[in-house]
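Asker: Okay, handing you the structure first.
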Amino acid sequence: MNIPSDLLAGKRVLLGVSGSIAAYKSLELVRLYIKAGAEVKVVMSDAAKRFVTPLSFETLSRNEVLHSDNESWANRHNHIQSAEDADLMVIAPATANTIAKLANAVADNLLLQCALAYPGVKLLCPSANTQMLQNPITQANLKMLGVANYDIVGTQTKELACQTTGDGAMAEPLEIFWHSARLLLQNDFWNHRRVIVTGGGTIERLDDVRYLSNFSSGKMASALATALFLRGADVNLIATRFDTGLPEAMHTLDVESSEELAEYLTDSIRIAKKGVMSKPSLLADEPRHLIQKTPYLFMAAAISDYLPAHPQQGKLKKDVLGDRWSPELRQNSDIIASLDKTGIKTIAFKAEFDSDAALANAKKALKEKAVDAVALNVLGGEQGFGSDKNAITFITEQSETILPLSHKLSLALHLLDEAETL
């Protein structure tokens with residue numbers, strides 16, 4: 001996934017680094033924030049400086065690192081002003097010791113003081129030996145923080161620094177980045193809204209070796225699903241092909257044929273119409289409640305127009321098929337036209353090569369498929385299959401809005417702004 005250079009433009013991240021071997025991964029995290037246009041300030045505990053020097057973080061962030069040797073009250077380089085200036089505080093890595101102190105409002109180092117002074121949601125990324133992480137007291141501390149304005153990025157199971165394999169390794173920097181971007185970019189419209197995205201070219205088997213498909217890469221659908229994730233939606237991406245580096249926390253379903261896609265899509269729409277349960281309250285006796293928002297469907301999959309009439313098991317032998325082979329095909333059903341779209345907003349995607357007829361064909365599809373909008377993509381030049389850029393004309397009964405050529409994730413975020421008006 002290509003991260004646009006302006007994705008987090010104007011956002012300020014305060015990154016707390018505590019004393020874990022995983023501190024070296026936080027250097028990559030800083031690089032990702034800077035690449036996305038964010039401003040990063042790092043605060044380090046004294047223990048963290050034993051693993052990575054402040055100079056390493058200053059080189060990447062182009063900002064002075066806050067630590068016990070240089071806090072100043074003559075300017076904003078202190079734990080109060082650093083917390084006030086941040087749009088988001090991230091603690092990565094967070095050791096078991098740091099987690100215990102955070103859970104009990106202990107503030108005996110600058111990192112903890114910043115966390116106590118920062119009033120917004122803080123993103124916590126634990127890193128610890130398996131036994132230390134699974135200790136009942138550590139687990140209780142994490143539960144306490146989970147209902148006290150902390151979002152927690154789960155650990156992963158792999159070989160740890162202690163040369164044992166188990167749960168406790170800090171999440172990968174890219175996953176922490178996606179969670180950070182979600183907290184910074186989510187909005188009220190998409191937050192807790194169930195959305196389904198389909199993508200990729202369907203694969204229709206002729207036999208167990210050969211198939212019919214198309215050149216759709218699934219990149220636009222992946223970008224769209226990622227944009228929805230960043231806006232806070234409960235998104236389900238159903239696709240035959242996926243871009244690399246997607247948020248792991250995003251729900252995906254890997255399908256193959258149009259029949260399989262239609263089956264999962266029907267189930268997903270049924271579930272989406274039931275709504276989303278709210279996050280548990282700080283009050284233990286206050287029940288969760290159902291958040292009911294109109295679900296959305298973005299139908300970006302390139303579904304085969306024709307299917308093999310008689311798919312075969314095994315491999316068809318060429319000496320049996322002969323010099324010429326004309327497999328019989330039958331027309332596929334129109335999945336989007338046949339869906340029950342009551343109670344759901346639907347956006348169809350249409351790819352065209354003929355720029356002269358593209359708009360008319362898209363308007364025709366708007367009526368024939370009974371959808372709320374059509375996202376028209378005229379292929380050619382930089383807008384070829386598998387490219388990282390795209391341009392779309394967003395068409396409704398009332399308007400046509402041109403979204404100019406840009407990176408697909410940026411384009412997807414602009415597309416969501418248009419979809420909010422449906």
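Going through the structure tokens in order, the chains are called A, B, and so on, while each chain numbers its residues from 1 and the ligands are numbered from 1 in the order shown.
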Which residues in range 30-205 of chain A does DSSP call strand (DSSP E or B)? List them as a ChimeraX atom specification.

Answerer: /A:39-44,66,88-94,122-126,150-152,156-159,165-169,194-199,201,204-205

Asker: Tell me, as an MDAnalysis selection string, which residues lie within 12 Å of Gln113 in chain A, counting only C-alpha atoms; anything in the same chain fewer than 2 positions away does not count.

Answerer: chainID A and resid 16 43:45 66:68 71 78:83 98 101:102 105:111 115:119

Asker: If you count only C-alpha atoms, which residues fall within 10 Å of range 363-379 of chain A, apart from same-chain ones fewer than 2 positions away, as JSON, numbers by chain?

Answerer: {"A": [297, 298, 299, 300, 334, 335, 336, 337, 338, 339, 341, 344, 345, 346, 347, 348, 349, 350, 351, 352, 353, 354, 355, 356, 358, 359, 360, 361, 381, 382, 383, 384, 385, 390, 391, 392, 393, 394, 395, 396, 397, 398, 399, 400, 401, 402, 403, 415, 418, 419, 422]}

Asker: Okay, now the selection with C-alpha atoms, as a compact mmCIF listing (two decimals), in the first residue's frame?

Answerer:
```txt
# COMPACT_ATOMS: atom_id res chain seq x y z
CA LEU A 297 -21.66 -1.14 -0.18
CA PHE A 298 -18.82 -0.22 -2.56
CA MET A 299 -18.95 -2.70 -5.42
CA ALA A 300 -15.45 -2.39 -6.90
CA ASP A 334 -25.74 -9.34 -12.65
CA ILE A 335 -24.93 -9.59 -8.95
CA ILE A 336 -25.29 -5.93 -8.06
CA ALA A 337 -28.55 -5.53 -9.95
CA SER A 338 -30.07 -8.57 -8.24
CA LEU A 339 -29.08 -7.62 -4.66
CA LYS A 341 -30.44 -2.96 -1.66
CA ILE A 344 -28.22 0.21 2.26
CA LYS A 345 -26.39 2.81 0.17
CA THR A 346 -24.72 1.29 -2.88
CA ILE A 347 -21.92 2.63 -5.05
CA ALA A 348 -21.03 0.69 -8.19
CA PHE A 349 -17.67 0.98 -9.95
CA LYS A 350 -17.45 1.04 -13.72
CA ALA A 351 -14.27 0.81 -15.81
CA GLU A 352 -14.34 2.07 -19.40
CA PHE A 353 -11.79 2.42 -22.20
CA ASP A 354 -13.92 4.50 -24.56
CA SER A 355 -13.72 8.01 -23.10
CA ASP A 356 -16.40 9.29 -25.49
CA ALA A 358 -17.89 6.33 -20.77
CA LEU A 359 -20.14 8.91 -19.11
CA ALA A 360 -23.25 7.77 -20.96
CA ASN A 361 -22.55 4.14 -20.09
CA GLY A 381 -2.19 6.21 -19.39
CA GLU A 382 -1.40 6.31 -15.66
CA GLN A 383 -4.81 4.79 -14.95
CA GLY A 384 -4.01 1.28 -16.10
CA PHE A 385 -4.66 -2.00 -14.31
CA ASN A 390 -6.41 6.70 -10.41
CA ALA A 391 -9.02 9.31 -11.28
CA ILE A 392 -12.76 8.91 -10.82
CA THR A 393 -15.94 10.69 -11.82
CA PHE A 394 -18.51 10.26 -9.03
CA ILE A 395 -21.94 10.17 -10.63
CA THR A 396 -25.35 10.44 -8.97
CA GLU A 397 -28.75 11.34 -10.40
CA GLN A 398 -28.15 14.95 -9.39
CA SER A 399 -24.46 15.55 -10.05
CA GLU A 400 -21.15 14.54 -11.60
CA THR A 401 -18.01 15.25 -9.56
CA ILE A 402 -14.53 14.79 -11.02
CA LEU A 403 -11.95 13.47 -8.55
CA LEU A 415 -14.45 9.46 -2.68
CA GLU A 418 -18.60 12.43 -1.80
CA ALA A 419 -20.31 9.28 -0.59
CA LEU A 422 -25.82 10.28 -0.60
```

Asker: Using backbone DSSP assignments, extract all helix (DSSP H, G or I) residues from range 20-160 of chain A; output them as number ranges by chain.

Answerer: A: 23-35, 48-50, 54-61, 79-85, 96-103, 110-117, 130-134, 136-146

Asker: So how many Å separate CA of Leu237 in chain A and CA of Ser268 in chain A, to one decimal?

Answerer: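 Between CA of Leu237 in chain A and CA of Ser268 in chain A the gap is 10.0 Å.
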
Asker: Using only C-alpha atoms, which of A:Ile99, A:Val235, A:Leu246, A:Leu88 sits nearest Ala38 in chain A?

Answerer: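 Looking only at the distances to Ala38 in chain A, the closest residue turns out to be A:Leu88.
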
Asker: Got a sec: who's within 8 Å of range 317-330 of chain A, counting only C-alpha atoms, leaving out chain neighbours fewer than 3 positions off, as a list in words?

Answerer: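 The contact residues come out as Tyr306, Leu307, Pro308, Ala309 and His310 of chain A.
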
Asker: I'd like the contact shell of Asn149 in chain A - 9 Å cut-off, only C-alpha atoms, skipping same-chain residues fewer than 2 positions apart - returned as a PDB file with N, CA and C atoms, in the first residue's frame.

Answerer:
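out_5.pdb was written with the following content:
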```
ATOM      1  N   PRO A 119      -4.619  14.573  27.579  1.00  0.00           N
ATOM      2  CA  PRO A 119      -6.021  14.267  27.898  1.00  0.00           C
ATOM      3  C   PRO A 119      -6.737  13.378  26.894  1.00  0.00           C
ATOM      4  N   GLY A 120      -6.202  13.246  25.679  1.00  0.00           N
ATOM      5  CA  GLY A 120      -6.899  12.497  24.636  1.00  0.00           C
ATOM      6  C   GLY A 120      -6.631  11.009  24.691  1.00  0.00           C
ATOM      7  N   VAL A 121      -7.125  10.309  23.663  1.00  0.00           N
ATOM      8  CA  VAL A 121      -6.893   8.869  23.554  1.00  0.00           C
ATOM      9  C   VAL A 121      -5.416   8.624  23.296  1.00  0.00           C
ATOM     10  N   LYS A 122      -4.850   7.684  24.027  1.00  0.00           N
ATOM     11  CA  LYS A 122      -3.441   7.317  23.841  1.00  0.00           C
ATOM     12  C   LYS A 122      -3.375   5.911  23.251  1.00  0.00           C
ATOM     13  N   LEU A 123      -2.447   5.714  22.322  1.00  0.00           N
ATOM     14  CA  LEU A 123      -2.279   4.421  21.665  1.00  0.00           C
ATOM     15  C   LEU A 123      -1.134   3.681  22.352  1.00  0.00           C
ATOM     16  N   LEU A 145      -6.438  -0.039  31.537  1.00  0.00           N
ATOM     17  CA  LEU A 145      -6.104   0.992  30.561  1.00  0.00           C
ATOM     18  C   LEU A 145      -7.064   0.985  29.376  1.00  0.00           C
ATOM     19  N   GLY A 146      -7.574  -0.201  29.032  1.00  0.00           N
ATOM     20  CA  GLY A 146      -8.496  -0.321  27.906  1.00  0.00           C
ATOM     21  C   GLY A 146      -9.789   0.431  28.097  1.00  0.00           C
ATOM     22  N   VAL A 147     -10.160   0.705  29.334  1.00  0.00           N
ATOM     23  CA  VAL A 147     -11.389   1.480  29.595  1.00  0.00           C
ATOM     24  C   VAL A 147     -11.044   2.853  30.177  1.00  0.00           C
ATOM     25  N   ASP A 151      -6.202   3.103  23.673  1.00  0.00           N
ATOM     26  CA  ASP A 151      -6.422   2.071  22.667  1.00  0.00           C
ATOM     27  C   ASP A 151      -5.173   1.200  22.642  1.00  0.00           C
TER      28      ASP A 151
END
```

Asker: Considering only C-alpha atoms, give me a table of residues in range 253-349 of chain A that are at most 12 Å from range 184-200 of chain A, with the closest atom pair and distance in Å for each, as a tab-separated table.

Answerer:
```
residue	atom	partner	partner_atom	distance
A:Leu253	CA	A:Thr198	CA	9.4
A:Asp254	CA	A:Gly199	CA	9.9
A:Val255	CA	A:Gly200	CA	9.5
A:Glu256	CA	A:Gly200	CA	9.3
A:Ser257	CA	A:Gly200	CA	10.5
A:Ser258	CA	A:Gly200	CA	10.6
A:Glu260	CA	A:Thr198	CA	11.8
A:Leu261	CA	A:Thr198	CA	8.2
A:Ala262	CA	A:Thr198	CA	9.9
A:Tyr264	CA	A:Thr198	CA	10.1
A:Leu265	CA	A:Ile196	CA	8.0
A:Thr266	CA	A:Ile196	CA	10.5
A:Asp267	CA	A:Ile196	CA	10.8
A:Ser268	CA	A:Ile196	CA	7.2
A:Ile269	CA	A:Ile196	CA	7.5
A:Arg270	CA	A:Arg194	CA	10.9
A:Ile271	CA	A:Arg194	CA	8.9
A:Ala272	CA	A:Arg194	CA	5.5
A:Lys273	CA	A:Arg194	CA	8.0
A:Lys274	CA	A:Arg194	CA	9.2
A:Gly275	CA	A:Arg194	CA	6.9
A:Val276	CA	A:His192	CA	6.3
A:Met277	CA	A:His192	CA	8.3
A:Ser278	CA	A:His192	CA	7.8
A:Lys279	CA	A:His192	CA	9.5
A:His289	CA	A:His192	CA	11.9
A:Leu290	CA	A:His192	CA	9.9
A:Ile291	CA	A:His192	CA	7.1
A:Gln292	CA	A:Arg193	CA	7.7
A:Lys293	CA	A:Arg193	CA	5.7
A:Thr294	CA	A:Arg193	CA	7.2
A:Pro295	CA	A:Arg194	CA	5.1
A:Tyr296	CA	A:Val195	CA	4.7
A:Leu297	CA	A:Ile196	CA	4.8
A:Phe298	CA	A:Val197	CA	4.8
A:Met299	CA	A:Thr198	CA	5.2
A:Ala300	CA	A:Gly199	CA	4.9
A:Ala301	CA	A:Gly199	CA	3.6
A:Ala302	CA	A:Gly200	CA	5.8
A:Ile303	CA	A:Gly200	CA	8.1
A:Ser304	CA	A:Gly200	CA	10.5
A:Ile335	CA	A:Thr198	CA	11.6
A:Ile336	CA	A:Thr198	CA	10.8
A:Ile344	CA	A:Val195	CA	9.4
A:Lys345	CA	A:Val195	CA	9.4
A:Thr346	CA	A:Ile196	CA	9.5
A:Ile347	CA	A:Val197	CA	9.6
A:Ala348	CA	A:Thr198	CA	9.9
A:Phe349	CA	A:Gly199	CA	9.9
```

Asker: Those residues with N, CA and C atoms, as a compact mmCIF listing (two decimals), in the first residue's frame please?

Answerer:
```txt
# COMPACT_ATOMS: atom_id res chain seq x y z
N LEU A 253 -12.04 -10.96 3.53
CA LEU A 253 -12.48 -12.29 3.09
C LEU A 253 -11.89 -12.55 1.71
N ASP A 254 -11.13 -13.61 1.59
CA ASP A 254 -10.49 -13.97 0.33
C ASP A 254 -11.40 -14.94 -0.42
N VAL A 255 -11.90 -14.50 -1.57
CA VAL A 255 -12.81 -15.34 -2.36
C VAL A 255 -12.19 -15.60 -3.73
N GLU A 256 -12.86 -16.41 -4.51
CA GLU A 256 -12.34 -16.74 -5.83
C GLU A 256 -13.36 -16.45 -6.93
N SER A 257 -14.44 -17.18 -6.96
CA SER A 257 -15.41 -17.07 -8.05
C SER A 257 -16.48 -16.02 -7.75
N SER A 258 -17.22 -15.65 -8.77
CA SER A 258 -18.33 -14.71 -8.60
C SER A 258 -19.43 -15.34 -7.74
N GLU A 260 -18.94 -17.46 -5.24
CA GLU A 260 -18.47 -17.38 -3.86
C GLU A 260 -18.57 -15.95 -3.34
N LEU A 261 -18.22 -14.99 -4.19
CA LEU A 261 -18.31 -13.60 -3.80
C LEU A 261 -19.76 -13.22 -3.48
N ALA A 262 -20.69 -13.65 -4.34
CA ALA A 262 -22.10 -13.33 -4.12
C ALA A 262 -22.62 -13.93 -2.82
N TYR A 264 -20.86 -14.67 0.01
CA TYR A 264 -20.33 -13.92 1.15
C TYR A 264 -20.91 -12.51 1.20
N LEU A 265 -21.15 -11.92 0.03
CA LEU A 265 -21.70 -10.57 -0.02
C LEU A 265 -23.11 -10.53 0.55
N THR A 266 -23.93 -11.51 0.20
CA THR A 266 -25.30 -11.58 0.72
C THR A 266 -25.30 -11.70 2.24
N ASP A 267 -24.44 -12.55 2.76
CA ASP A 267 -24.34 -12.71 4.23
C ASP A 267 -23.84 -11.43 4.88
N SER A 268 -22.87 -10.78 4.25
CA SER A 268 -22.30 -9.57 4.83
C SER A 268 -23.33 -8.43 4.87
N ILE A 269 -24.14 -8.32 3.84
CA ILE A 269 -25.18 -7.29 3.82
C ILE A 269 -26.20 -7.55 4.93
N ARG A 270 -26.57 -8.81 5.11
CA ARG A 270 -27.53 -9.16 6.16
C ARG A 270 -26.98 -8.77 7.53
N ILE A 271 -25.71 -9.06 7.77
CA ILE A 271 -25.08 -8.73 9.05
C ILE A 271 -24.94 -7.22 9.21
N ALA A 272 -24.58 -6.53 8.12
CA ALA A 272 -24.37 -5.08 8.18
C ALA A 272 -25.63 -4.35 8.58
N LYS A 273 -26.77 -4.86 8.15
CA LYS A 273 -28.03 -4.19 8.46
C LYS A 273 -28.43 -4.32 9.93
N LYS A 274 -27.73 -5.18 10.66
CA LYS A 274 -28.05 -5.34 12.08
C LYS A 274 -27.42 -4.27 12.95
N GLY A 275 -26.44 -3.51 12.42
CA GLY A 275 -25.80 -2.46 13.19
C GLY A 275 -24.57 -2.94 13.93
N VAL A 276 -23.95 -2.03 14.69
CA VAL A 276 -22.69 -2.27 15.39
C VAL A 276 -22.88 -2.03 16.87
N MET A 277 -22.29 -2.90 17.70
CA MET A 277 -22.34 -2.71 19.14
C MET A 277 -21.33 -1.65 19.56
N SER A 278 -21.73 -0.79 20.49
CA SER A 278 -20.85 0.27 20.97
C SER A 278 -19.71 -0.29 21.80
N LYS A 279 -18.68 0.54 22.00
CA LYS A 279 -17.56 0.18 22.86
C LYS A 279 -18.01 0.19 24.31
N HIS A 289 -24.71 -0.63 23.73
CA HIS A 289 -25.92 -0.42 22.97
C HIS A 289 -25.62 -0.51 21.47
N LEU A 290 -26.68 -0.73 20.72
CA LEU A 290 -26.55 -0.93 19.28
C LEU A 290 -26.49 0.42 18.58
N ILE A 291 -25.45 0.59 17.75
CA ILE A 291 -25.34 1.80 16.93
C ILE A 291 -25.86 1.46 15.54
N GLN A 292 -26.96 2.09 15.16
CA GLN A 292 -27.59 1.77 13.89
C GLN A 292 -27.36 2.91 12.91
N LYS A 293 -26.50 2.69 11.95
CA LYS A 293 -26.28 3.64 10.87
C LYS A 293 -26.50 2.91 9.55
N THR A 294 -26.98 3.64 8.56
CA THR A 294 -27.20 3.02 7.25
C THR A 294 -25.89 2.45 6.71
N PRO A 295 -25.84 1.15 6.43
CA PRO A 295 -24.61 0.56 5.89
C PRO A 295 -24.38 0.98 4.44
N TYR A 296 -23.14 0.84 3.99
CA TYR A 296 -22.75 1.18 2.62
C TYR A 296 -22.13 -0.05 1.96
N LEU A 297 -22.30 -0.12 0.64
CA LEU A 297 -21.66 -1.14 -0.18
C LEU A 297 -20.93 -0.45 -1.33
N PHE A 298 -19.62 -0.70 -1.43
CA PHE A 298 -18.82 -0.22 -2.56
C PHE A 298 -18.47 -1.43 -3.41
N MET A 299 -19.09 -1.52 -4.58
CA MET A 299 -18.95 -2.70 -5.42
C MET A 299 -17.86 -2.45 -6.46
N ALA A 300 -16.59 -2.66 -6.03
CA ALA A 300 -15.45 -2.39 -6.90
C ALA A 300 -14.91 -3.64 -7.57
N ALA A 301 -15.47 -4.80 -7.29
CA ALA A 301 -14.99 -6.05 -7.90
C ALA A 301 -15.27 -6.06 -9.40
N ALA A 302 -14.35 -6.61 -10.15
CA ALA A 302 -14.53 -6.79 -11.59
C ALA A 302 -15.06 -8.22 -11.81
N ILE A 303 -16.36 -8.34 -11.86
CA ILE A 303 -17.00 -9.65 -11.92
C ILE A 303 -17.11 -10.13 -13.37
N SER A 304 -16.76 -11.36 -13.59
CA SER A 304 -16.76 -11.92 -14.95
C SER A 304 -18.15 -11.84 -15.56
N ILE A 335 -24.85 -9.48 -10.40
CA ILE A 335 -24.93 -9.59 -8.95
C ILE A 335 -25.45 -8.31 -8.32
N ILE A 336 -24.90 -7.18 -8.71
CA ILE A 336 -25.29 -5.93 -8.06
C ILE A 336 -26.72 -5.54 -8.38
N ILE A 344 -29.67 0.14 2.43
CA ILE A 344 -28.22 0.21 2.26
C ILE A 344 -27.89 1.14 1.10
N LYS A 345 -26.86 1.94 1.26
CA LYS A 345 -26.39 2.81 0.17
C LYS A 345 -25.38 2.04 -0.67
N THR A 346 -25.55 2.10 -1.99
CA THR A 346 -24.72 1.29 -2.88
C THR A 346 -24.03 2.14 -3.92
N ILE A 347 -22.72 1.95 -4.03
CA ILE A 347 -21.92 2.63 -5.05
C ILE A 347 -21.30 1.57 -5.94
N ALA A 348 -21.61 1.62 -7.22
CA ALA A 348 -21.03 0.69 -8.19
C ALA A 348 -19.81 1.33 -8.84
N PHE A 349 -18.85 0.50 -9.23
CA PHE A 349 -17.67 0.98 -9.95
C PHE A 349 -17.75 0.50 -11.39
```
